[in-house]
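Structure first, commentary second.
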Amino acid sequence: MSNVTGEDRRSRTSLTVRLWEARWYLLAGLAAVMVAYGFGPGRAWALPLAVLLLFAALFSAKPRARIAEKAREVEAEGLQRLSGEYLAAAVADPLIIFDRTTTVVHANAAAFAAFGGMAPGLSLSLKFRAPEMQALLDSVVSGKVASDALDYLEKLPVERVYRVTASSVGNGTGLFVLVFKDQSEARRIDRMRADFIANASHELRTPLASIAGFIETLRGPARNDPAAREQFLQIMQNQTSRMARLIDDLLSLSRLEMKPYLKAGAHVDLRQTLESVIDSLSPLARDSNLVVERDFAEGQLAVPGDRDELFQVFENLLENACKYGQSGGRVAVSVARGGTAAEPTVDVTIRDFGPGIAEEHIPRITERFYRVDVETSRAQKGTGLGLSIVKHILTRHNARMSIRSELGKGAAFTIHLPAN
Amino acid sequence: MQSVHIVSAYDEELKFLAKRIAAMGGHAERMVEQAVAALVNADQDLAQKVIRDDIVLDEGQREIDDKAILIIARRQPMATDLREIVGAIRISADLERVGDLGKNVAKRVMSVTDGREATSLYRGLEALANLALIQLKEVLDVYASRSVDKIGLMRDRDEQIDAMYTSLFRELLTYMMEDPRNITSCTHLLFCAKNIERIGDHATNIAETIYYIVTGDQMPAERPKEDKTDRVVVQQAELTK
């Protein structure tokens, strides 16, 4: 019953609405009827004419009401009518809409940027050929599963890792959507950790080798030499404490890599640092029949920086000079003041007089694992990490390194450290 | 492919061929990738998996051959369709060979694992494999998108692969002359390098086939290529310098 009354009310209200909307027609019609009634000869026609006008007004008003009603309907279902394209464009991750034949229907801008050539009409199973991707597309398109996800690795040309989700859209639309979530950053952090371990083991090996050498000497030739024993034990102690410091430093290196700044305020006495580097490498220099020459500038030679890190820089460079410049018979370590008046620097040069480095290798020499001569490097137990560590530390010190070399005349590595 | 045939099953059949080629391509890429990874990391299990996977490509090729012959017999294809079908036969043969080469690399993993001190060699092989894989990936991407204007770049890449191969060849020879104990592993690595280099050549072949499918013309025959290993000689003097 209530239904019927509701319908009645609606039809009654719609009748008044129609009359109200047609009010101007009605007024004009009334005026026309009055005129006809007043002057025209056919007074008998006036009444039917008025009735006719009323009906005409009612029916002409109807479409307007319909349009208004439709507009209200459209507003009500706004979300359902939202364009898929706009929605796809608003998603920041690559998103591809495809149909039952895995043909691309629409790809958003992120998908274009990530994969290129994602034009509508391209077949997805031709573009993503990895076996597991094919299986994912097949299972979703065939309706076996409504949605599925997997990790997709694109190795070349640059390594990218995505979490890919494929799912069908709505009920029976015949459309499917593929969303890629970029996880390359997490992968890169994993890679950094692996590099860190490689660095760590290299760093620990050098002092360990030095200690092992001294132990051998103490058990052998220096067994009955108290003075030498005392000196060696001192060096060994220095090395072990350095190893401990190194472990601490290496553990914090991964944190430091995020922000390549040094803690402010610390200063390093270059003279003292270089002396202890030369001391710790003196066994190696003696074994290689090398004389280490010093040429230090007068006065205070302090620069802002981290002592252990700079120690490592000079140690790596001097070690290289001893290893590869053996034929020259001497290695020169010099410190000089340089740079411009505005930006004074302290330049430390470590020069050997060995075979030198060919020009084509110099730009690449600080790359990880790059070796000029594999055979020599292997003979010297080099790992190919030394100079890249140097470069990394120098970047942190805002310093730079210049390499000058001429074949047959040796090589000079100069570190330009900012003086203040 | 763009035009629509009156018999829609014909379209379906052509699409099936393309899809099957792409799936084979994906398998071939994966096999080569895993074979090189197995070689670099001395991973026996992965190597065994690659060897087992080769059968997928063999089956793929056989299936494409059968399907293509059936289509030719049934539909009497003309022009683009005929090129598409003949091209599919040729590309699947190339991909099957790529899979064989990957399998060959995987087979050698066992023999190479002894002398592993020369990491730079493996890095070189990895770089060579990456070049070849990029080439294969680009070629298969062109097969999907049909934009043959990108094919010119492929030949440059082929030259890079040849240069890389020549340099690896020289390096391996040096190792062998340095120490006869290296000869076993170096010879195996030499074959691996050769196999990977051949993958690049197959990718170039596929590129030429695609060019033919799309344009109907043969690709202009300017192929100066070829590696220079036929002239590489390592003198004893070079070793002792």
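Naming scheme: A, B, ... for chains in displayed order of the structure tokens; residues 1 onward per chain; ligands 1 onward as shown.
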
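Using only C-alpha atoms, the contacts of Glu315 (chain A) at a cut-off of 10 Å, with sequence neighbours closer than 4 positions omitted, comprise Thr206, Thr273, Leu274, Ser276, Val277, Ile278, Ser280, Leu281, Glu309, Leu310, Phe311, Glu319, Asn320, Ala321, Gly386 and Val390 of chain A.
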
For chain B versus chain A, which residues have an atom no more than 10 Å away, and what is each residue's nearest atom pair and distance in Å rounded to one decimal, using only C-alpha atoms, chain-then-number order, as a Markdown table?
| residue | atom | partner | partner_atom | distance |
| --- | --- | --- | --- | --- |
| B:Gln2 | CA | A:Gly121 | CA | 9.4 |
| B:Glu12 | CA | A:Thr101 | CA | 9.7 |
| B:Lys15 | CA | A:Thr101 | CA | 9.2 |
| B:Ala18 | CA | A:Leu126 | CA | 7.4 |
| B:Lys19 | CA | A:Leu126 | CA | 6.1 |
| B:Arg20 | CA | A:Leu126 | CA | 8.7 |
| B:Ile21 | CA | A:Leu126 | CA | 8.1 |
| B:Ala22 | CA | A:Leu126 | CA | 4.9 |
| B:Ala23 | CA | A:Arg129 | CA | 5.5 |
| B:Met24 | CA | A:Arg129 | CA | 8.0 |
| B:Gly25 | CA | A:Arg129 | CA | 6.6 |
| B:Gly26 | CA | A:Arg129 | CA | 4.1 |
| B:His27 | CA | A:Pro131 | CA | 6.1 |
| B:Ala28 | CA | A:Ala130 | CA | 9.2 |
| B:Glu29 | CA | A:Ala130 | CA | 7.8 |
| B:Arg30 | CA | A:Ala130 | CA | 7.0 |
| B:Glu33 | CA | A:Lys155 | CA | 9.0 |
| B:Glu117 | CA | A:Arg378 | CA | 9.2 |
| B:Ala118 | CA | A:Arg378 | CA | 8.7 |
| B:Thr119 | CA | A:Phe369 | CA | 9.2 |
| B:Ser120 | CA | A:Phe369 | CA | 7.9 |
| B:Arg123 | CA | A:Phe369 | CA | 9.6 |
| B:Asn130 | CA | A:Leu156 | CA | 7.4 |
| B:Leu131 | CA | A:Pro157 | CA | 8.9 |
| B:Leu133 | CA | A:Leu156 | CA | 7.6 |
| B:Ile134 | CA | A:Leu156 | CA | 6.1 |
| B:Gln135 | CA | A:Pro157 | CA | 9.7 |
| B:Lys137 | CA | A:Leu156 | CA | 8.2 |
| B:Glu138 | CA | A:Pro157 | CA | 9.7 |
| B:Leu140 | CA | A:Lys127 | CA | 7.9 |
| B:Asp141 | CA | A:Lys127 | CA | 6.1 |
| B:Val142 | CA | A:Lys127 | CA | 9.1 |
| B:Tyr143 | CA | A:Leu126 | CA | 7.7 |
| B:Ala144 | CA | A:Leu126 | CA | 5.1 |
| B:Ser145 | CA | A:Leu122 | CA | 6.4 |
| B:Arg146 | CA | A:Leu122 | CA | 9.3 |
| B:Ser147 | CA | A:Gly117 | CA | 9.1 |
| B:Glu171 | CA | A:Val374 | CA | 9.7 |
| B:Thr174 | CA | A:Glu375 | CA | 9.5 |
| B:Tyr175 | CA | A:Glu375 | CA | 8.8 |
| B:Glu178 | CA | A:Glu375 | CA | 8.9 |
| B:Leu239 | CA | A:Glu375 | CA | 9.0 |

Give me the residues within 9 Å of Leu46 (chain B) as a PyMOL selection string, counting only C-alpha atoms and dropping any in the same chain fewer than 5 places off. chain B and resi 34-35+37-38+51+106

Residues as selected, N, CA and C atoms, written as a JSON list (two decimals), in the first residue's frame, can you do that?
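To be explicit, this is the file written out as out.json:
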[["chain", "number", "residue", "atom", "x", "y", "z"],
["B", 34, "GLN", "N", 71.48, -18.01, -16.59],
["B", 34, "GLN", "CA", 71.77, -18.95, -15.50],
["B", 34, "GLN", "C", 73.05, -19.73, -15.77],
["B", 35, "ALA", "N", 73.31, -20.03, -17.04],
["B", 35, "ALA", "CA", 74.53, -20.76, -17.36],
["B", 35, "ALA", "C", 75.75, -19.93, -16.96],
["B", 37, "ALA", "N", 75.79, -17.46, -14.79],
["B", 37, "ALA", "CA", 75.81, -17.33, -13.32],
["B", 37, "ALA", "C", 76.40, -18.59, -12.70],
["B", 38, "ALA", "N", 76.03, -19.75, -13.23],
["B", 38, "ALA", "CA", 76.54, -21.01, -12.70],
["B", 38, "ALA", "C", 78.05, -21.08, -12.89],
["B", 51, "ILE", "N", 70.99, -27.50, -17.96],
["B", 51, "ILE", "CA", 71.10, -28.61, -18.90],
["B", 51, "ILE", "C", 69.73, -29.29, -19.07],
["B", 106, "ALA", "N", 76.94, -24.42, -19.57],
["B", 106, "ALA", "CA", 76.61, -25.04, -18.28],
["B", 106, "ALA", "C", 77.36, -26.36, -18.10]]

Using backbone DSSP assignments, extract all helix (DSSP H, G or I) residues from chain B; output them as a VMD selection string. chain B and resid 8 to 41 44 to 75 79 to 107 109 to 112 119 to 145 148 to 178 180 to 215 229 to 231 236 to 240

To one decimal place, how far is CA of Thr215 (chain B) from CA of Thr102 (chain A) in Å?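 CA of Thr215 (chain B) sits 25.1 Å away from CA of Thr102 (chain A).
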
One number please: CA of Ala419 (chain A) to CA of Arg330 (chain A), in Å, one decimal. 28.2 Å

Neighbour list for region 289-303 of chain A as a PyMOL selection string, cut-off 12 Å, only C-alpha atoms, skip fewer than 6 positions in-chain: chain A and resi 264-275+277-279+281-283+310+318-319+321-338+344-354+397-399+416-420

Residue with smallest distance to Ile235 (chain A) - pool A:Ser210, A:Ser388, A:Ser147, A:Asn171, counting only C-alpha atoms: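 Under the stated criterion, the closest residue is A:Ser210.
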
Nearest to Met164 (chain B), chosen from B:Met176, B:Val50, B:Ile183, B:Ile196, with only C-alpha atoms counted in the distances: B:Ile196

Residues flagged strand (DSSP E) by DSSP in region 84-282 of chain A, as number ranges by chain: A: 95-99, 104-107, 147-154, 160-168, 175-182, 267-269

Print the selection's residues with N, CA and C atoms to a file, as an mmCIF file, in the first residue's frame.
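Writing the result to result-v4.cif gives the following:
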data_model
loop_
_atom_site.group_PDB
_atom_site.id
_atom_site.type_symbol
_atom_site.label_atom_id
_atom_site.label_comp_id
_atom_site.auth_asym_id
_atom_site.auth_seq_id
_atom_site.Cartn_x
_atom_site.Cartn_y
_atom_site.Cartn_z
ATOM 1 N N LEU A 95 51.737 0.727 -14.463
ATOM 2 C CA LEU A 95 50.470 -0.007 -14.448
ATOM 3 C C LEU A 95 50.041 -0.247 -15.888
ATOM 4 N N ILE A 96 49.711 -1.479 -16.200
ATOM 5 C CA ILE A 96 49.331 -1.825 -17.568
ATOM 6 C C ILE A 96 47.985 -2.537 -17.536
ATOM 7 N N ILE A 97 47.043 -2.050 -18.361
ATOM 8 C CA ILE A 97 45.750 -2.719 -18.485
ATOM 9 C C ILE A 97 45.784 -3.519 -19.783
ATOM 10 N N PHE A 98 45.394 -4.777 -19.702
ATOM 11 C CA PHE A 98 45.437 -5.604 -20.910
ATOM 12 C C PHE A 98 44.203 -6.485 -20.989
ATOM 13 N N ASP A 99 43.997 -7.068 -22.175
ATOM 14 C CA ASP A 99 42.786 -7.859 -22.369
ATOM 15 C C ASP A 99 43.113 -9.350 -22.388
ATOM 16 N N VAL A 104 48.049 -5.039 -24.847
ATOM 17 C CA VAL A 104 47.980 -3.840 -24.017
ATOM 18 C C VAL A 104 46.794 -2.986 -24.447
ATOM 19 N N VAL A 105 45.913 -2.641 -23.509
ATOM 20 C CA VAL A 105 44.812 -1.725 -23.782
ATOM 21 C C VAL A 105 45.214 -0.316 -23.378
ATOM 22 N N HIS A 106 45.842 -0.234 -22.218
ATOM 23 C CA HIS A 106 46.307 1.069 -21.769
ATOM 24 C C HIS A 106 47.493 0.875 -20.828
ATOM 25 N N ALA A 107 48.499 1.763 -20.963
ATOM 26 C CA ALA A 107 49.633 1.733 -20.043
ATOM 27 C C ALA A 107 49.829 3.144 -19.527
ATOM 28 N N SER A 147 43.907 -13.228 -8.971
ATOM 29 C CA SER A 147 45.089 -12.366 -8.958
ATOM 30 C C SER A 147 46.259 -13.154 -8.405
ATOM 31 N N ASP A 148 47.452 -12.724 -8.822
ATOM 32 C CA ASP A 148 48.650 -13.432 -8.420
ATOM 33 C C ASP A 148 49.800 -12.439 -8.424
ATOM 34 N N ALA A 149 50.867 -12.765 -7.700
ATOM 35 C CA ALA A 149 52.001 -11.848 -7.632
ATOM 36 C C ALA A 149 53.296 -12.639 -7.686
ATOM 37 N N LEU A 150 54.359 -11.992 -8.196
ATOM 38 C CA LEU A 150 55.671 -12.637 -8.195
ATOM 39 C C LEU A 150 56.746 -11.560 -8.241
ATOM 40 N N ASP A 151 57.991 -11.973 -7.972
ATOM 41 C CA ASP A 151 59.108 -11.043 -8.087
ATOM 42 C C ASP A 151 59.711 -11.184 -9.464
ATOM 43 N N TYR A 152 59.843 -10.067 -10.145
ATOM 44 C CA TYR A 152 60.338 -10.095 -11.522
ATOM 45 C C TYR A 152 61.645 -9.335 -11.561
ATOM 46 N N LEU A 153 62.679 -10.002 -12.045
ATOM 47 C CA LEU A 153 64.007 -9.399 -12.087
ATOM 48 C C LEU A 153 64.364 -9.098 -13.532
ATOM 49 N N GLU A 154 64.655 -7.830 -13.798
ATOM 50 C CA GLU A 154 65.144 -7.465 -15.122
ATOM 51 C C GLU A 154 66.609 -7.140 -14.974
ATOM 52 N N ARG A 160 66.915 -4.241 -12.363
ATOM 53 C CA ARG A 160 65.727 -3.737 -11.679
ATOM 54 C C ARG A 160 64.915 -4.914 -11.171
ATOM 55 N N VAL A 161 64.376 -4.745 -9.983
ATOM 56 C CA VAL A 161 63.566 -5.809 -9.390
ATOM 57 C C VAL A 161 62.173 -5.253 -9.134
ATOM 58 N N TYR A 162 61.168 -5.971 -9.588
ATOM 59 C CA TYR A 162 59.794 -5.529 -9.373
ATOM 60 C C TYR A 162 59.002 -6.620 -8.661
ATOM 61 N N ARG A 163 58.066 -6.174 -7.820
ATOM 62 C CA ARG A 163 57.034 -7.076 -7.319
ATOM 63 C C ARG A 163 55.850 -6.867 -8.251
ATOM 64 N N VAL A 164 55.502 -7.875 -9.022
ATOM 65 C CA VAL A 164 54.468 -7.722 -10.035
ATOM 66 C C VAL A 164 53.171 -8.368 -9.548
ATOM 67 N N THR A 165 52.079 -7.632 -9.638
ATOM 68 C CA THR A 165 50.779 -8.184 -9.294
ATOM 69 C C THR A 165 49.902 -8.144 -10.533
ATOM 70 N N ALA A 166 49.320 -9.277 -10.888
ATOM 71 C CA ALA A 166 48.385 -9.330 -12.003
ATOM 72 C C ALA A 166 47.031 -9.706 -11.443
ATOM 73 N N SER A 167 45.970 -8.985 -11.850
ATOM 74 C CA SER A 167 44.636 -9.346 -11.369
ATOM 75 C C SER A 167 43.598 -8.950 -12.407
ATOM 76 N N SER A 168 42.441 -9.605 -12.331
ATOM 77 C CA SER A 168 41.375 -9.260 -13.259
ATOM 78 C C SER A 168 40.626 -8.052 -12.706
ATOM 79 N N LEU A 175 38.998 -7.464 -18.824
ATOM 80 C CA LEU A 175 40.224 -6.676 -18.712
ATOM 81 C C LEU A 175 41.007 -7.131 -17.486
ATOM 82 N N PHE A 176 42.325 -6.958 -17.572
ATOM 83 C CA PHE A 176 43.204 -7.355 -16.481
ATOM 84 C C PHE A 176 44.196 -6.236 -16.248
ATOM 85 N N VAL A 177 44.768 -6.222 -15.073
ATOM 86 C CA VAL A 177 45.716 -5.154 -14.774
ATOM 87 C C VAL A 177 46.987 -5.741 -14.187
ATOM 88 N N LEU A 178 48.108 -5.120 -14.564
ATOM 89 C CA LEU A 178 49.429 -5.559 -14.127
ATOM 90 C C LEU A 178 50.065 -4.359 -13.430
ATOM 91 N N VAL A 179 50.419 -4.510 -12.157
ATOM 92 C CA VAL A 179 51.037 -3.400 -11.418
ATOM 93 C C VAL A 179 52.439 -3.812 -10.997
ATOM 94 N N PHE A 180 53.400 -2.927 -11.238
ATOM 95 C CA PHE A 180 54.806 -3.204 -10.902
ATOM 96 C C PHE A 180 55.218 -2.341 -9.725
ATOM 97 N N LYS A 181 55.765 -2.979 -8.714
ATOM 98 C CA LYS A 181 56.275 -2.204 -7.591
ATOM 99 C C LYS A 181 57.798 -2.322 -7.595
ATOM 100 N N ASP A 182 58.468 -1.187 -7.736
ATOM 101 C CA ASP A 182 59.921 -1.181 -7.881
ATOM 102 C C ASP A 182 60.592 -1.497 -6.548
ATOM 103 N N HIS A 267 91.616 16.874 13.716
ATOM 104 C CA HIS A 267 92.749 17.232 12.867
ATOM 105 C C HIS A 267 93.761 16.103 12.856
ATOM 106 N N VAL A 268 94.495 16.030 11.760
ATOM 107 C CA VAL A 268 95.480 14.969 11.613
ATOM 108 C C VAL A 268 96.845 15.601 11.399
ATOM 109 N N ASP A 269 97.808 15.144 12.176
ATOM 110 C CA ASP A 269 99.180 15.598 11.964
ATOM 111 C C ASP A 269 99.800 14.721 10.878
#

Straight-line distance linking CA of Ala47 (chain B) with CA of Val98 (chain B), stated in Å to one decimal: 15.5 Å

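Nearest residue to Ser111 (chain B) among B:Arg62, B:His188, B:Arg83, B:Arg157 is B:His188, counting only C-alpha atoms.
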
Identify, on the basis of only C-alpha atoms, every residue whose closest approach to Gly87 (chain B) does not exceed 9 Å; exclude the query and any residue fewer than 5 positions from it along the same chain; express the result as a PyMOL selection string. chain B and resi 82+92+206+209-210+212-213

Restricted to N, CA and C atoms, what would the selected residues look like written as a short mmCIF file (atom, residue, chain, number, x, y, z; two decimals), in the first residue's frame?
data_model
loop_
_atom_site.label_atom_id
_atom_site.label_comp_id
_atom_site.auth_asym_id
_atom_site.auth_seq_id
_atom_site.Cartn_x
_atom_site.Cartn_y
_atom_site.Cartn_z
N LEU B 82 53.18 -15.06 -45.02
CA LEU B 82 54.16 -16.08 -45.38
C LEU B 82 55.51 -15.76 -44.74
N SER B 92 62.92 -19.59 -34.47
CA SER B 92 62.89 -20.66 -33.47
C SER B 92 64.13 -21.53 -33.59
N ILE B 206 68.66 -13.25 -35.87
CA ILE B 206 67.24 -13.04 -35.59
C ILE B 206 66.85 -11.63 -36.01
N THR B 209 66.23 -11.57 -39.62
CA THR B 209 64.95 -12.22 -39.96
C THR B 209 63.78 -11.28 -39.68
N ILE B 210 63.84 -10.59 -38.51
CA ILE B 210 62.74 -9.69 -38.16
C ILE B 210 62.65 -8.56 -39.19
N TYR B 212 63.41 -8.70 -42.21
CA TYR B 212 62.81 -9.27 -43.42
C TYR B 212 61.30 -9.44 -43.24
N ILE B 213 60.88 -9.91 -42.08
CA ILE B 213 59.45 -10.11 -41.83
C ILE B 213 58.71 -8.78 -41.98
#

Counting only C-alpha atoms, what is within 12 Å of Leu128 (chain B), bar same-chain residues fewer than 5 positions away, as JSON, numbers by chain? {"B": [32, 33, 36, 121, 122, 123, 133, 134, 135, 157, 158, 159, 160, 161, 162, 163, 164, 165, 166, 167, 168, 169, 192, 193, 194, 195, 196, 197, 198, 199, 200]}
